[in-house]
Amino acid sequence: MLWKVLMRSQPCKLCSFIKMLSAPTYRPYLSCFTYTTDHQSNKENKRTVEKLYKFSVDIRKIRRLKGWVLLEDETYVEEIANILQRVGADETTVASILERCPEAIVCSPAAVNAQRELWQSVCKSEEELVKLIEQFPESFFTVKHQENQKLNIQFFQDLGLKNVIISRFLTTASSIFHNPIERNKEMMKILQESYLNLGGSEANMKVWLLKLLSQNPFILLNSSATIKETLEFLQEQGFTNFEILQLLSKLKGFLFQLCPKSIQNSISFSKNAFKCTDHDLKQLVLKCPALLYYSVPILEERIQGLLKEGISIAQIKEIPMVLELTPQIVQYRIRKLNSLGYRIKDGQLANLNGTKKEFEANFGKIQAKKGRPLFNPVAPLNVEE
């Protein structure tokens with residue numbers, strides 16, 4: 001009824017309003033290729049579409065995800081498919097790669113060949129290379145800064161990193177290979193100096209650095225100013241050099257990705273939540289360095305989640321590492337322990353804590369103990385004659 005009243009009472013205003021809603025609005029260039037229309041299909045490069053069909057590629061997926069590649073005048077469908085086939089990719093794998101990373105067909109075949117050689121240099125076999133490309137096609141077809149990639153691969157090999165770790169870097173942290181090699185060398189030098197200034201030994205320096213780098217390669221994307229600022233802040237908080245080295249090792253270098261202000265906020269929140277002194281808080285942080293890393297909202301959510309389960313602040317202070325678990329994991333583990341009649345709020349949080357593997361091992365021990373009889377009926381009884 002309201003619609004009819006509006007139609008009768010304000011025809012002009014309503015019509016202008018409808019026209020305003022239906023008027024086309026500006027959209028970014030690439031976004032106009034997200035949806036398939038007859039008009040778009042008419043503009044597609046027919047040769048590209050036919051060649052993709054030839055390799056059993058689902059064109060609908062490409063139109064839906066990155067339809068702009070089908071509008072390109074120059075594409076290299078056959079050339080890219082042939083390169084993949086030469087390293088052992090079958091038809092299904094080729095189709096899967098092109099569907100997930102359609103921009104591969106606009107890459108220069110020469111550049112893709114060069115990328116193949118780079119990745120092959122750290123892979124044990126062509127089979128391993130194909131698996132990596134299939135899992136991380138976008139990383140593989142980011143064919144830029146190839147000279148930097150080549151020099152950085154050699155640099156990491158010279159440092160002593162194993163090829164299996166370097167290949168992991170290529171797939172999950174490819175941005176560090178785009179850095180000029182001088183930048184990565186400078187960051188490694190700064191990390192070495194920081195380690196020695198904190199009291200680390202020359203003999204253990206290489207092992208420590210390689211472990212830090214393998215755990216968190218993104219540490220190379222930091223600036224020297226950030227590293228210096230973070231270390232100075234921790235020293236101002238009363239941490240000794242040895243303790244700072246411990247924190248860096250436990251946090252896998254992620255500490256450098258935080259600013260002093262966020263660390264200060266987390267420290268202030270924890271001190272207030274646990275009602276403890278600066279000294280006591282420092283001991284908590286050394287037990288659970290994540291207290292520095294997690295933001296205030298995350299810490300608040302996890303503490304509240306534990307309190308709702310009947311766990312006390314005193315218990316959390318005793319085993320602060322339990323804060324590394326999400327509320328969902330805590331609830332799941334408590335339910336499992338409750339099924340055995342184990343009341344976590346009356347016992348130790350150690351049985352709740354740990355990795356999935358550690359928890360399952362502890363749970364198995366509790367379960368076995370629960371089902372064990374009071375005496376072994378098979379064992380002989382020691383009876384005095």
# chains A, B, ... in the order shown; residues from 1 in each chain; ligands from 1
>>> select_by_dssp(residues="stretch 141-342 of chain A", states="helix (DSSP H, G or I)", output="number ranges by chain")
A: 146-159, 163-172, 175-178, 181-197, 202-215, 217-221, 224-236, 241-250, 254-257, 260-274, 278-287, 290-293, 296-308, 313-318, 320-324, 327-338
>>> atom_distance(atom1="atom CA of A:Leu284", atom2="atom CA of A:Ile319")
8.8 Å
>>> closest_residue(among="A:Asn184, A:Val130, A:Arg60, A:Asn45", to="A:Val87", atoms="only C-alpha atoms")
A:Val130
